[in-house]
$ cat final-v3.txt   # compact mmCIF, N, CA and C atoms
# COMPACT_ATOMS: atom_id res chain seq x y z
N MET A 275 11.04 -17.22 -7.81
CA MET A 275 10.64 -15.90 -8.23
C MET A 275 9.99 -15.20 -7.04
N SER A 276 10.52 -14.04 -6.67
CA SER A 276 9.95 -13.31 -5.54
C SER A 276 8.97 -12.26 -6.04
N LEU A 277 7.97 -12.00 -5.22
CA LEU A 277 6.94 -11.03 -5.56
C LEU A 277 6.72 -10.08 -4.39
N MET A 278 6.94 -8.81 -4.65
CA MET A 278 6.67 -7.78 -3.65
C MET A 278 5.35 -7.13 -4.00
N ALA A 279 4.47 -7.01 -3.01
CA ALA A 279 3.23 -6.25 -3.19
C ALA A 279 3.43 -4.88 -2.58
N LEU A 280 3.02 -3.87 -3.31
CA LEU A 280 3.14 -2.48 -2.86
C LEU A 280 1.76 -1.86 -2.77
N ILE A 281 1.45 -1.33 -1.60
CA ILE A 281 0.20 -0.62 -1.39
C ILE A 281 0.54 0.86 -1.24
N PRO A 282 0.21 1.68 -2.23
CA PRO A 282 0.47 3.12 -2.12
C PRO A 282 -0.72 3.79 -1.42
N ALA A 283 -0.46 4.46 -0.32
CA ALA A 283 -1.55 5.05 0.46
C ALA A 283 -1.18 6.46 0.92
N ARG A 284 -1.84 7.43 0.30
CA ARG A 284 -1.60 8.83 0.68
C ARG A 284 -2.50 9.22 1.85
N GLY A 285 -2.02 10.17 2.62
CA GLY A 285 -2.84 10.70 3.70
C GLY A 285 -3.84 11.71 3.21
N GLY A 286 -3.51 12.42 2.16
CA GLY A 286 -4.40 13.45 1.64
C GLY A 286 -5.30 12.90 0.56
N SER A 287 -6.50 13.40 0.54
CA SER A 287 -7.45 13.03 -0.51
C SER A 287 -8.47 14.15 -0.61
N LYS A 288 -8.72 14.59 -1.81
CA LYS A 288 -9.71 15.64 -2.01
C LYS A 288 -11.14 15.09 -1.94
N GLY A 289 -11.35 13.92 -2.50
CA GLY A 289 -12.70 13.36 -2.57
C GLY A 289 -13.22 12.91 -1.21
N VAL A 290 -12.45 12.07 -0.52
CA VAL A 290 -12.82 11.56 0.80
C VAL A 290 -11.60 11.75 1.70
N PRO A 291 -11.57 12.85 2.45
CA PRO A 291 -10.41 13.12 3.31
C PRO A 291 -10.11 11.97 4.28
N ARG A 292 -8.83 11.59 4.36
CA ARG A 292 -8.34 10.55 5.28
C ARG A 292 -8.95 9.18 5.00
N LYS A 293 -9.31 8.93 3.73
CA LYS A 293 -10.04 7.70 3.39
C LYS A 293 -9.32 6.42 3.78
N ASN A 294 -8.01 6.40 3.71
CA ASN A 294 -7.29 5.16 3.99
C ASN A 294 -7.32 4.73 5.45
N VAL A 295 -7.64 5.67 6.35
CA VAL A 295 -7.71 5.34 7.77
C VAL A 295 -9.15 5.30 8.29
N LEU A 296 -10.11 5.69 7.45
CA LEU A 296 -11.51 5.65 7.88
C LEU A 296 -11.97 4.20 8.00
N GLU A 297 -12.82 3.97 8.99
CA GLU A 297 -13.31 2.61 9.21
C GLU A 297 -14.38 2.22 8.20
N LEU A 298 -14.24 1.01 7.74
CA LEU A 298 -15.21 0.38 6.86
C LEU A 298 -15.51 -0.99 7.46
N CYS A 299 -16.72 -1.18 7.94
CA CYS A 299 -17.12 -2.45 8.57
C CYS A 299 -16.16 -2.84 9.69
N GLY A 300 -15.78 -1.89 10.50
CA GLY A 300 -15.02 -2.19 11.71
C GLY A 300 -13.51 -2.12 11.63
N LYS A 301 -12.96 -1.81 10.47
CA LYS A 301 -11.50 -1.66 10.39
C LYS A 301 -11.14 -0.62 9.34
N PRO A 302 -9.94 -0.06 9.45
CA PRO A 302 -9.54 0.96 8.48
C PRO A 302 -9.54 0.42 7.05
N LEU A 303 -9.87 1.29 6.11
CA LEU A 303 -9.94 0.89 4.70
C LEU A 303 -8.68 0.14 4.26
N ILE A 304 -7.50 0.65 4.62
CA ILE A 304 -6.25 0.02 4.17
C ILE A 304 -6.10 -1.40 4.72
N ALA A 305 -6.69 -1.69 5.87
CA ALA A 305 -6.55 -3.01 6.49
C ALA A 305 -7.12 -4.11 5.60
N TRP A 306 -8.18 -3.83 4.85
CA TRP A 306 -8.78 -4.83 3.97
C TRP A 306 -7.79 -5.31 2.91
N THR A 307 -7.04 -4.39 2.34
CA THR A 307 -6.06 -4.77 1.31
C THR A 307 -4.88 -5.50 1.94
N ILE A 308 -4.43 -5.03 3.09
CA ILE A 308 -3.32 -5.71 3.78
C ILE A 308 -3.69 -7.15 4.10
N GLU A 309 -4.86 -7.35 4.65
CA GLU A 309 -5.27 -8.71 5.04
C GLU A 309 -5.43 -9.63 3.83
N ALA A 310 -5.97 -9.13 2.74
CA ALA A 310 -6.10 -9.96 1.53
C ALA A 310 -4.72 -10.33 0.99
N ALA A 311 -3.80 -9.37 0.98
CA ALA A 311 -2.45 -9.64 0.48
C ALA A 311 -1.72 -10.66 1.34
N GLN A 312 -1.93 -10.60 2.64
CA GLN A 312 -1.27 -11.55 3.55
C GLN A 312 -1.72 -12.99 3.29
N LYS A 313 -2.90 -13.15 2.77
CA LYS A 313 -3.43 -14.49 2.50
C LYS A 313 -3.04 -15.02 1.12
N SER A 314 -2.38 -14.19 0.33
CA SER A 314 -1.96 -14.61 -1.01
C SER A 314 -0.93 -15.73 -0.91
N ASN A 315 -0.98 -16.63 -1.86
CA ASN A 315 0.01 -17.71 -1.93
C ASN A 315 1.31 -17.29 -2.60
N TYR A 316 1.36 -16.09 -3.17
CA TYR A 316 2.49 -15.70 -3.99
C TYR A 316 3.29 -14.50 -3.49
N ILE A 317 2.71 -13.71 -2.64
CA ILE A 317 3.39 -12.49 -2.18
C ILE A 317 4.43 -12.85 -1.12
N ASP A 318 5.68 -12.43 -1.38
CA ASP A 318 6.77 -12.68 -0.44
C ASP A 318 6.98 -11.53 0.53
N ARG A 319 6.65 -10.34 0.06
CA ARG A 319 6.89 -9.15 0.88
C ARG A 319 5.77 -8.15 0.63
N LEU A 320 5.22 -7.60 1.71
CA LEU A 320 4.10 -6.67 1.62
C LEU A 320 4.53 -5.32 2.18
N ILE A 321 4.56 -4.32 1.30
CA ILE A 321 5.06 -2.99 1.63
C ILE A 321 3.94 -1.96 1.47
N VAL A 322 3.86 -1.03 2.42
CA VAL A 322 2.99 0.13 2.27
C VAL A 322 3.89 1.33 2.07
N SER A 323 3.59 2.10 1.03
CA SER A 323 4.31 3.34 0.75
C SER A 323 3.39 4.50 1.11
N THR A 324 3.80 5.30 2.08
CA THR A 324 2.99 6.43 2.53
C THR A 324 3.87 7.54 3.06
N GLU A 325 3.32 8.74 3.06
CA GLU A 325 3.98 9.88 3.67
C GLU A 325 3.36 10.19 5.03
N ASP A 326 2.36 9.41 5.41
CA ASP A 326 1.50 9.71 6.56
C ASP A 326 1.81 8.76 7.72
N GLU A 327 2.15 9.31 8.88
CA GLU A 327 2.52 8.48 10.03
C GLU A 327 1.36 7.65 10.56
N GLU A 328 0.14 8.17 10.51
CA GLU A 328 -1.00 7.40 10.98
C GLU A 328 -1.24 6.18 10.08
N ILE A 329 -1.15 6.38 8.78
CA ILE A 329 -1.29 5.25 7.86
C ILE A 329 -0.18 4.24 8.10
N ALA A 330 1.04 4.73 8.31
CA ALA A 330 2.17 3.83 8.58
C ALA A 330 1.92 3.01 9.83
N ASP A 331 1.47 3.66 10.90
CA ASP A 331 1.21 2.95 12.17
C ASP A 331 0.11 1.90 12.01
N ILE A 332 -0.98 2.28 11.34
CA ILE A 332 -2.08 1.33 11.14
C ILE A 332 -1.60 0.16 10.28
N SER A 333 -0.84 0.45 9.23
CA SER A 333 -0.34 -0.61 8.35
C SER A 333 0.54 -1.59 9.12
N ARG A 334 1.42 -1.06 9.94
CA ARG A 334 2.28 -1.94 10.75
C ARG A 334 1.45 -2.78 11.72
N SER A 335 0.42 -2.17 12.31
CA SER A 335 -0.40 -2.91 13.27
C SER A 335 -1.15 -4.06 12.62
N TYR A 336 -1.38 -3.98 11.32
CA TYR A 336 -2.03 -5.07 10.58
C TYR A 336 -1.01 -6.00 9.91
N GLY A 337 0.28 -5.77 10.14
CA GLY A 337 1.30 -6.71 9.69
C GLY A 337 2.04 -6.36 8.42
N ALA A 338 1.78 -5.20 7.84
CA ALA A 338 2.52 -4.79 6.64
C ALA A 338 3.82 -4.11 7.04
N GLU A 339 4.78 -4.14 6.15
CA GLU A 339 6.04 -3.41 6.36
C GLU A 339 5.89 -1.98 5.86
N VAL A 340 6.50 -1.07 6.60
CA VAL A 340 6.62 0.32 6.14
C VAL A 340 8.10 0.67 6.33
N PRO A 341 8.95 0.20 5.40
CA PRO A 341 10.40 0.35 5.59
C PRO A 341 10.93 1.75 5.30
N PHE A 342 10.09 2.62 4.77
CA PHE A 342 10.49 4.00 4.49
C PHE A 342 9.23 4.85 4.49
N ILE A 343 9.42 6.14 4.70
CA ILE A 343 8.33 7.10 4.57
C ILE A 343 8.53 7.82 3.25
N ARG A 344 7.49 7.81 2.44
CA ARG A 344 7.56 8.46 1.13
C ARG A 344 7.66 9.97 1.30
N PRO A 345 8.50 10.63 0.52
CA PRO A 345 8.59 12.09 0.60
C PRO A 345 7.23 12.73 0.27
N ALA A 346 6.91 13.79 1.00
CA ALA A 346 5.62 14.47 0.82
C ALA A 346 5.41 14.93 -0.62
N GLU A 347 6.48 15.32 -1.30
CA GLU A 347 6.33 15.80 -2.67
C GLU A 347 5.90 14.69 -3.63
N LEU A 348 6.06 13.42 -3.23
CA LEU A 348 5.59 12.30 -4.05
C LEU A 348 4.21 11.81 -3.63
N ALA A 349 3.56 12.55 -2.74
CA ALA A 349 2.25 12.15 -2.26
C ALA A 349 1.17 13.19 -2.57
N ARG A 350 1.52 14.14 -3.40
CA ARG A 350 0.52 15.15 -3.80
C ARG A 350 -0.45 14.53 -4.79
N ASP A 351 -1.64 15.11 -4.90
CA ASP A 351 -2.64 14.55 -5.80
C ASP A 351 -2.34 14.81 -7.27
N ASP A 352 -1.38 15.67 -7.56
CA ASP A 352 -1.02 15.93 -8.96
C ASP A 352 0.19 15.13 -9.43
N ILE A 353 0.68 14.23 -8.59
CA ILE A 353 1.82 13.38 -8.94
C ILE A 353 1.29 12.08 -9.56
N PRO A 354 1.78 11.69 -10.72
CA PRO A 354 1.30 10.44 -11.34
C PRO A 354 1.54 9.22 -10.43
N GLY A 355 0.60 8.31 -10.43
CA GLY A 355 0.66 7.12 -9.58
C GLY A 355 1.94 6.32 -9.65
N PRO A 356 2.53 6.13 -10.83
CA PRO A 356 3.76 5.33 -10.89
C PRO A 356 4.94 5.92 -10.12
N GLU A 357 4.90 7.18 -9.78
CA GLU A 357 6.01 7.78 -9.03
C GLU A 357 6.23 7.11 -7.68
N ALA A 358 5.14 6.73 -7.01
CA ALA A 358 5.27 6.02 -5.74
C ALA A 358 5.94 4.66 -5.95
N LEU A 359 5.60 4.01 -7.04
CA LEU A 359 6.21 2.73 -7.39
C LEU A 359 7.70 2.90 -7.67
N PHE A 360 8.06 3.89 -8.47
CA PHE A 360 9.47 4.13 -8.79
C PHE A 360 10.26 4.45 -7.53
N HIS A 361 9.67 5.24 -6.63
CA HIS A 361 10.35 5.57 -5.37
C HIS A 361 10.59 4.30 -4.55
N ALA A 362 9.57 3.45 -4.47
CA ALA A 362 9.72 2.20 -3.71
C ALA A 362 10.82 1.32 -4.29
N LEU A 363 10.91 1.26 -5.60
CA LEU A 363 11.94 0.45 -6.24
C LEU A 363 13.34 1.00 -5.97
N GLU A 364 13.45 2.32 -5.85
CA GLU A 364 14.74 2.92 -5.49
C GLU A 364 15.11 2.55 -4.06
N GLN A 365 14.12 2.50 -3.18
CA GLN A 365 14.37 2.19 -1.77
C GLN A 365 14.62 0.70 -1.54
N LEU A 366 13.99 -0.13 -2.35
CA LEU A 366 14.05 -1.58 -2.19
C LEU A 366 14.42 -2.25 -3.51
N PRO A 367 15.67 -2.10 -3.94
CA PRO A 367 16.06 -2.67 -5.23
C PRO A 367 16.09 -4.20 -5.18
N GLY A 368 16.08 -4.79 -6.36
CA GLY A 368 16.24 -6.23 -6.45
C GLY A 368 14.97 -6.99 -6.75
N TYR A 369 13.84 -6.32 -6.79
CA TYR A 369 12.59 -7.01 -7.12
C TYR A 369 12.29 -6.85 -8.59
N GLU A 370 12.05 -7.96 -9.24
CA GLU A 370 11.66 -7.93 -10.65
C GLU A 370 10.15 -8.02 -10.81
N ASN A 371 9.50 -8.56 -9.80
CA ASN A 371 8.06 -8.76 -9.85
C ASN A 371 7.40 -7.96 -8.74
N ILE A 372 6.59 -7.00 -9.15
CA ILE A 372 5.93 -6.12 -8.19
C ILE A 372 4.45 -6.08 -8.52
N LEU A 373 3.65 -6.20 -7.50
CA LEU A 373 2.20 -6.15 -7.63
C LEU A 373 1.71 -4.90 -6.93
N LEU A 374 1.04 -4.04 -7.64
CA LEU A 374 0.51 -2.80 -7.09
C LEU A 374 -0.93 -3.05 -6.65
N LEU A 375 -1.19 -2.84 -5.36
CA LEU A 375 -2.52 -3.06 -4.80
C LEU A 375 -3.05 -1.74 -4.24
N GLN A 376 -4.05 -1.18 -4.88
CA GLN A 376 -4.63 0.06 -4.39
C GLN A 376 -5.46 -0.22 -3.13
N PRO A 377 -5.33 0.61 -2.11
CA PRO A 377 -6.08 0.37 -0.87
C PRO A 377 -7.57 0.67 -1.00
N THR A 378 -7.97 1.25 -2.12
CA THR A 378 -9.37 1.64 -2.31
C THR A 378 -10.20 0.53 -2.97
N SER A 379 -9.71 -0.70 -2.91
CA SER A 379 -10.46 -1.86 -3.41
C SER A 379 -10.64 -2.87 -2.28
N PRO A 380 -11.47 -2.54 -1.29
CA PRO A 380 -11.57 -3.40 -0.10
C PRO A 380 -12.24 -4.75 -0.32
N LEU A 381 -12.91 -4.93 -1.43
CA LEU A 381 -13.58 -6.20 -1.67
C LEU A 381 -12.70 -7.22 -2.38
N ARG A 382 -11.47 -6.83 -2.70
CA ARG A 382 -10.51 -7.74 -3.35
C ARG A 382 -10.14 -8.83 -2.34
N THR A 383 -10.09 -10.06 -2.79
CA THR A 383 -9.73 -11.18 -1.93
C THR A 383 -8.35 -11.73 -2.30
N ALA A 384 -7.85 -12.62 -1.49
CA ALA A 384 -6.59 -13.30 -1.79
C ALA A 384 -6.74 -14.10 -3.08
N GLU A 385 -7.91 -14.67 -3.30
CA GLU A 385 -8.16 -15.42 -4.53
C GLU A 385 -8.09 -14.51 -5.76
N ASP A 386 -8.61 -13.29 -5.62
CA ASP A 386 -8.50 -12.33 -6.70
C ASP A 386 -7.03 -12.01 -6.99
N ILE A 387 -6.27 -11.79 -5.94
CA ILE A 387 -4.83 -11.47 -6.08
C ILE A 387 -4.10 -12.63 -6.75
N ASP A 388 -4.33 -13.83 -6.25
CA ASP A 388 -3.63 -14.99 -6.80
C ASP A 388 -4.04 -15.29 -8.25
N GLY A 389 -5.28 -14.97 -8.57
CA GLY A 389 -5.76 -15.20 -9.93
C GLY A 389 -5.11 -14.27 -10.92

$ encode --input "final-v3.txt" --output "structure tokens"
Amino acid sequence: MSLMALIPARGGSKGVPRKNVLELCGKPLIAWTIEAAQKSNYIDRLIVSTEDEEIADISRSYGAEVPFIRPAELARDDIPGPEALFHALEQLPGYENILLLQPTSPLRTAEDIDG
């Protein structure tokens, strides 16, 4: 059974602008989720879905795949969250098991993910 983890990360944010690239304890916020996912015993593929090139570059530098850039119209704050998931499934068909990991939970560990 294969498991793809998807981290949806928008560049825009009304509450905390550019939150996914802001440093938290020495590394970008998104890096905490990427690193925890990489330590999971179950994740076969780790994907970041973003419309933002800076987020894409940072995600790649921490070892996540960014196999596509999400269309800007699917990254607006008024678009329901599952739309990013549906878009990713269209781009990467064949996965039956998908784990959605929000980048705004930096205290999540690999043990939390595996549990």

$ residues_around --input "final-v3.txt" --residues "Ala346 (chain A)" --least-positions-apart "5" --cutoff "8 Å" --atoms "all atoms listed in the file" --output "list in words"
Thr324, Glu325 and Asp326 of chain A

$ write_last_selection --input "final-v3.txt" --atoms "N, CA and C atoms" --output "PDB file, in the frame of the given file"
ATOM      1  N   THR A 324       3.800   5.300   2.080  1.00  0.00           N
ATOM      2  CA  THR A 324       2.990   6.430   2.530  1.00  0.00           C
ATOM      3  C   THR A 324       3.870   7.540   3.060  1.00  0.00           C
ATOM      4  N   GLU A 325       3.320   8.740   3.060  1.00  0.00           N
ATOM      5  CA  GLU A 325       3.980   9.880   3.670  1.00  0.00           C
ATOM      6  C   GLU A 325       3.360  10.190   5.030  1.00  0.00           C
ATOM      7  N   ASP A 326       2.360   9.410   5.410  1.00  0.00           N
ATOM      8  CA  ASP A 326       1.500   9.710   6.560  1.00  0.00           C
ATOM      9  C   ASP A 326       1.810   8.760   7.720  1.00  0.00           C
TER      10      ASP A 326
END

$ select_by_dssp --input "final-v3.txt" --residues "region 287-389 of chain A" --states "strand (DSSP E)" --output "ChimeraX atom specification"
/A:297-298,301-302,319-323,372-374

$ closest_residue --input "final-v3.txt" --among "A:Ala310, A:Ala305, A:Glu357, A:Cys299" --to "Ile332 (chain A)" --atoms "only N, CA and C atoms"
A:Ala305

$ atom_distance --input "final-v3.txt" --atom1 "CA of Leu373 (chain A)" --atom2 "CA of Ile317 (chain A)"
8.4 Å

$ atom_distance --input "final-v3.txt" --atom1 "atom N of Asp318 (chain A)" --atom2 "atom C of Gly300 (chain A)"
25.4 Å

$ residues_around --input "final-v3.txt" --residues "region 337-345 of chain A" --least-positions-apart "2" --cutoff "9 Å" --atoms "only C-alpha atoms" --output "compact mmCIF listing (two decimals) with N, CA and C atoms, keeping the file's coordinate frame"
# COMPACT_ATOMS: atom_id res chain seq x y z
N ILE A 308 -4.43 -5.03 3.09
CA ILE A 308 -3.32 -5.71 3.78
C ILE A 308 -3.69 -7.15 4.10
N GLU A 309 -4.86 -7.35 4.65
CA GLU A 309 -5.27 -8.71 5.04
C GLU A 309 -5.43 -9.63 3.83
N GLN A 312 -1.93 -10.60 2.64
CA GLN A 312 -1.27 -11.55 3.55
C GLN A 312 -1.72 -12.99 3.29
N ARG A 319 6.65 -10.34 0.06
CA ARG A 319 6.89 -9.15 0.88
C ARG A 319 5.77 -8.15 0.63
N LEU A 320 5.22 -7.60 1.71
CA LEU A 320 4.10 -6.67 1.62
C LEU A 320 4.53 -5.32 2.18
N ILE A 321 4.56 -4.32 1.30
CA ILE A 321 5.06 -2.99 1.63
C ILE A 321 3.94 -1.96 1.47
N VAL A 322 3.86 -1.03 2.42
CA VAL A 322 2.99 0.13 2.27
C VAL A 322 3.89 1.33 2.07
N SER A 323 3.59 2.10 1.03
CA SER A 323 4.31 3.34 0.75
C SER A 323 3.39 4.50 1.11
N THR A 324 3.80 5.30 2.08
CA THR A 324 2.99 6.43 2.53
C THR A 324 3.87 7.54 3.06
N GLU A 325 3.32 8.74 3.06
CA GLU A 325 3.98 9.88 3.67
C GLU A 325 3.36 10.19 5.03
N ASP A 326 2.36 9.41 5.41
CA ASP A 326 1.50 9.71 6.56
C ASP A 326 1.81 8.76 7.72
N GLU A 327 2.15 9.31 8.88
CA GLU A 327 2.52 8.48 10.03
C GLU A 327 1.36 7.65 10.56
N ALA A 330 1.04 4.73 8.31
CA ALA A 330 2.17 3.83 8.58
C ALA A 330 1.92 3.01 9.83
N ASP A 331 1.47 3.66 10.90
CA ASP A 331 1.21 2.95 12.17
C ASP A 331 0.11 1.90 12.01
N ILE A 332 -0.98 2.28 11.34
CA ILE A 332 -2.08 1.33 11.14
C ILE A 332 -1.60 0.16 10.28
N SER A 333 -0.84 0.45 9.23
CA SER A 333 -0.34 -0.61 8.35
C SER A 333 0.54 -1.59 9.12
N ARG A 334 1.42 -1.06 9.94
CA ARG A 334 2.28 -1.94 10.75
C ARG A 334 1.45 -2.78 11.72
N SER A 335 0.42 -2.17 12.31
CA SER A 335 -0.40 -2.91 13.27
C SER A 335 -1.15 -4.06 12.62
N GLU A 347 6.48 15.32 -1.30
CA GLU A 347 6.33 15.80 -2.67
C GLU A 347 5.90 14.69 -3.63
N LEU A 348 6.06 13.42 -3.23
CA LEU A 348 5.59 12.30 -4.05
C LEU A 348 4.21 11.81 -3.63
N ALA A 349 3.56 12.55 -2.74
CA ALA A 349 2.25 12.15 -2.26
C ALA A 349 1.17 13.19 -2.57
N ALA A 358 5.14 6.73 -7.01
CA ALA A 358 5.27 6.02 -5.74
C ALA A 358 5.94 4.66 -5.95
N HIS A 361 9.67 5.24 -6.63
CA HIS A 361 10.35 5.57 -5.37
C HIS A 361 10.59 4.30 -4.55
N ALA A 362 9.57 3.45 -4.47
CA ALA A 362 9.72 2.20 -3.71
C ALA A 362 10.82 1.32 -4.29
N GLN A 365 14.12 2.50 -3.18
CA GLN A 365 14.37 2.19 -1.77
C GLN A 365 14.62 0.70 -1.54
N LEU A 366 13.99 -0.13 -2.35
CA LEU A 366 14.05 -1.58 -2.19
C LEU A 366 14.42 -2.25 -3.51

$ select_by_dssp --input "final-v3.txt" --residues "region 295-366 of chain A" --states "helix (DSSP H, G or I)" --output "compact mmCIF listing (two decimals) with N, CA and C atoms, in the coordinates of the input"
# COMPACT_ATOMS: atom_id res chain seq x y z
N VAL A 295 -7.64 5.67 6.35
CA VAL A 295 -7.71 5.34 7.77
C VAL A 295 -9.15 5.30 8.29
N LEU A 303 -9.87 1.29 6.11
CA LEU A 303 -9.94 0.89 4.70
C LEU A 303 -8.68 0.14 4.26
N ILE A 304 -7.50 0.65 4.62
CA ILE A 304 -6.25 0.02 4.17
C ILE A 304 -6.10 -1.40 4.72
N ALA A 305 -6.69 -1.69 5.87
CA ALA A 305 -6.55 -3.01 6.49
C ALA A 305 -7.12 -4.11 5.60
N TRP A 306 -8.18 -3.83 4.85
CA TRP A 306 -8.78 -4.83 3.97
C TRP A 306 -7.79 -5.31 2.91
N THR A 307 -7.04 -4.39 2.34
CA THR A 307 -6.06 -4.77 1.31
C THR A 307 -4.88 -5.50 1.94
N ILE A 308 -4.43 -5.03 3.09
CA ILE A 308 -3.32 -5.71 3.78
C ILE A 308 -3.69 -7.15 4.10
N GLU A 309 -4.86 -7.35 4.65
CA GLU A 309 -5.27 -8.71 5.04
C GLU A 309 -5.43 -9.63 3.83
N ALA A 310 -5.97 -9.13 2.74
CA ALA A 310 -6.10 -9.96 1.53
C ALA A 310 -4.72 -10.33 0.99
N ALA A 311 -3.80 -9.37 0.98
CA ALA A 311 -2.45 -9.64 0.48
C ALA A 311 -1.72 -10.66 1.34
N GLN A 312 -1.93 -10.60 2.64
CA GLN A 312 -1.27 -11.55 3.55
C GLN A 312 -1.72 -12.99 3.29
N GLU A 327 2.15 9.31 8.88
CA GLU A 327 2.52 8.48 10.03
C GLU A 327 1.36 7.65 10.56
N GLU A 328 0.14 8.17 10.51
CA GLU A 328 -1.00 7.40 10.98
C GLU A 328 -1.24 6.18 10.08
N ILE A 329 -1.15 6.38 8.78
CA ILE A 329 -1.29 5.25 7.86
C ILE A 329 -0.18 4.24 8.10
N ALA A 330 1.04 4.73 8.31
CA ALA A 330 2.17 3.83 8.58
C ALA A 330 1.92 3.01 9.83
N ASP A 331 1.47 3.66 10.90
CA ASP A 331 1.21 2.95 12.17
C ASP A 331 0.11 1.90 12.01
N ILE A 332 -0.98 2.28 11.34
CA ILE A 332 -2.08 1.33 11.14
C ILE A 332 -1.60 0.16 10.28
N SER A 333 -0.84 0.45 9.23
CA SER A 333 -0.34 -0.61 8.35
C SER A 333 0.54 -1.59 9.12
N ARG A 334 1.42 -1.06 9.94
CA ARG A 334 2.28 -1.94 10.75
C ARG A 334 1.45 -2.78 11.72
N SER A 335 0.42 -2.17 12.31
CA SER A 335 -0.40 -2.91 13.27
C SER A 335 -1.15 -4.06 12.62
N ALA A 346 6.91 13.79 1.00
CA ALA A 346 5.62 14.47 0.82
C ALA A 346 5.41 14.93 -0.62
N GLU A 347 6.48 15.32 -1.30
CA GLU A 347 6.33 15.80 -2.67
C GLU A 347 5.90 14.69 -3.63
N LEU A 348 6.06 13.42 -3.23
CA LEU A 348 5.59 12.30 -4.05
C LEU A 348 4.21 11.81 -3.63
N PRO A 356 2.53 6.13 -10.83
CA PRO A 356 3.76 5.33 -10.89
C PRO A 356 4.94 5.92 -10.12
N GLU A 357 4.90 7.18 -9.78
CA GLU A 357 6.01 7.78 -9.03
C GLU A 357 6.23 7.11 -7.68
N ALA A 358 5.14 6.73 -7.01
CA ALA A 358 5.27 6.02 -5.74
C ALA A 358 5.94 4.66 -5.95
N LEU A 359 5.60 4.01 -7.04
CA LEU A 359 6.21 2.73 -7.39
C LEU A 359 7.70 2.90 -7.67
N PHE A 360 8.06 3.89 -8.47
CA PHE A 360 9.47 4.13 -8.79
C PHE A 360 10.26 4.45 -7.53
N HIS A 361 9.67 5.24 -6.63
CA HIS A 361 10.35 5.57 -5.37
C HIS A 361 10.59 4.30 -4.55
N ALA A 362 9.57 3.45 -4.47
CA ALA A 362 9.72 2.20 -3.71
C ALA A 362 10.82 1.32 -4.29
N LEU A 363 10.91 1.26 -5.60
CA LEU A 363 11.94 0.45 -6.24
C LEU A 363 13.34 1.00 -5.97
N GLU A 364 13.45 2.32 -5.85
CA GLU A 364 14.74 2.92 -5.49
C GLU A 364 15.11 2.55 -4.06
N GLN A 365 14.12 2.50 -3.18
CA GLN A 365 14.37 2.19 -1.77
C GLN A 365 14.62 0.70 -1.54

$ atom_distance --input "final-v3.txt" --atom1 "CA of Asp386 (chain A)" --atom2 "CA of Leu359 (chain A)"
21.1 Å

$ closest_residue --input "final-v3.txt" --among "A:Ser314, A:Lys301, A:Gly368, A:Asp351" --to "Arg284 (chain A)" --atoms "only C-alpha atoms"
A:Asp351

$ residues_around --input "final-v3.txt" --residues "Tyr369 (chain A)" --least-positions-apart "6" --cutoff "8 Å" --atoms "all atoms listed in the file" --output "count of residues only"
4

$ closest_residue --input "final-v3.txt" --among "A:Pro377, A:Pro367, A:Pro356, A:Gly389" --to "Gly285 (chain A)" --atoms "only C-alpha atoms"
A:Pro377

$ closest_residue --input "final-v3.txt" --among "A:Ile353, A:Arg292, A:Thr307, A:Leu298" --to "Leu375 (chain A)" --atoms "all atoms listed in the file"
A:Thr307

$ axis_aligned_box --input "final-v3.txt" --around "region 375-383 of chain A" --padding-each-side "4 Å" --output "lines of an AutoDock Vina configuration file"
center_x = -7.4
center_y = -5.0
center_z = -2.7
size_x = 20.4
size_y = 21.4
size_z = 13.3
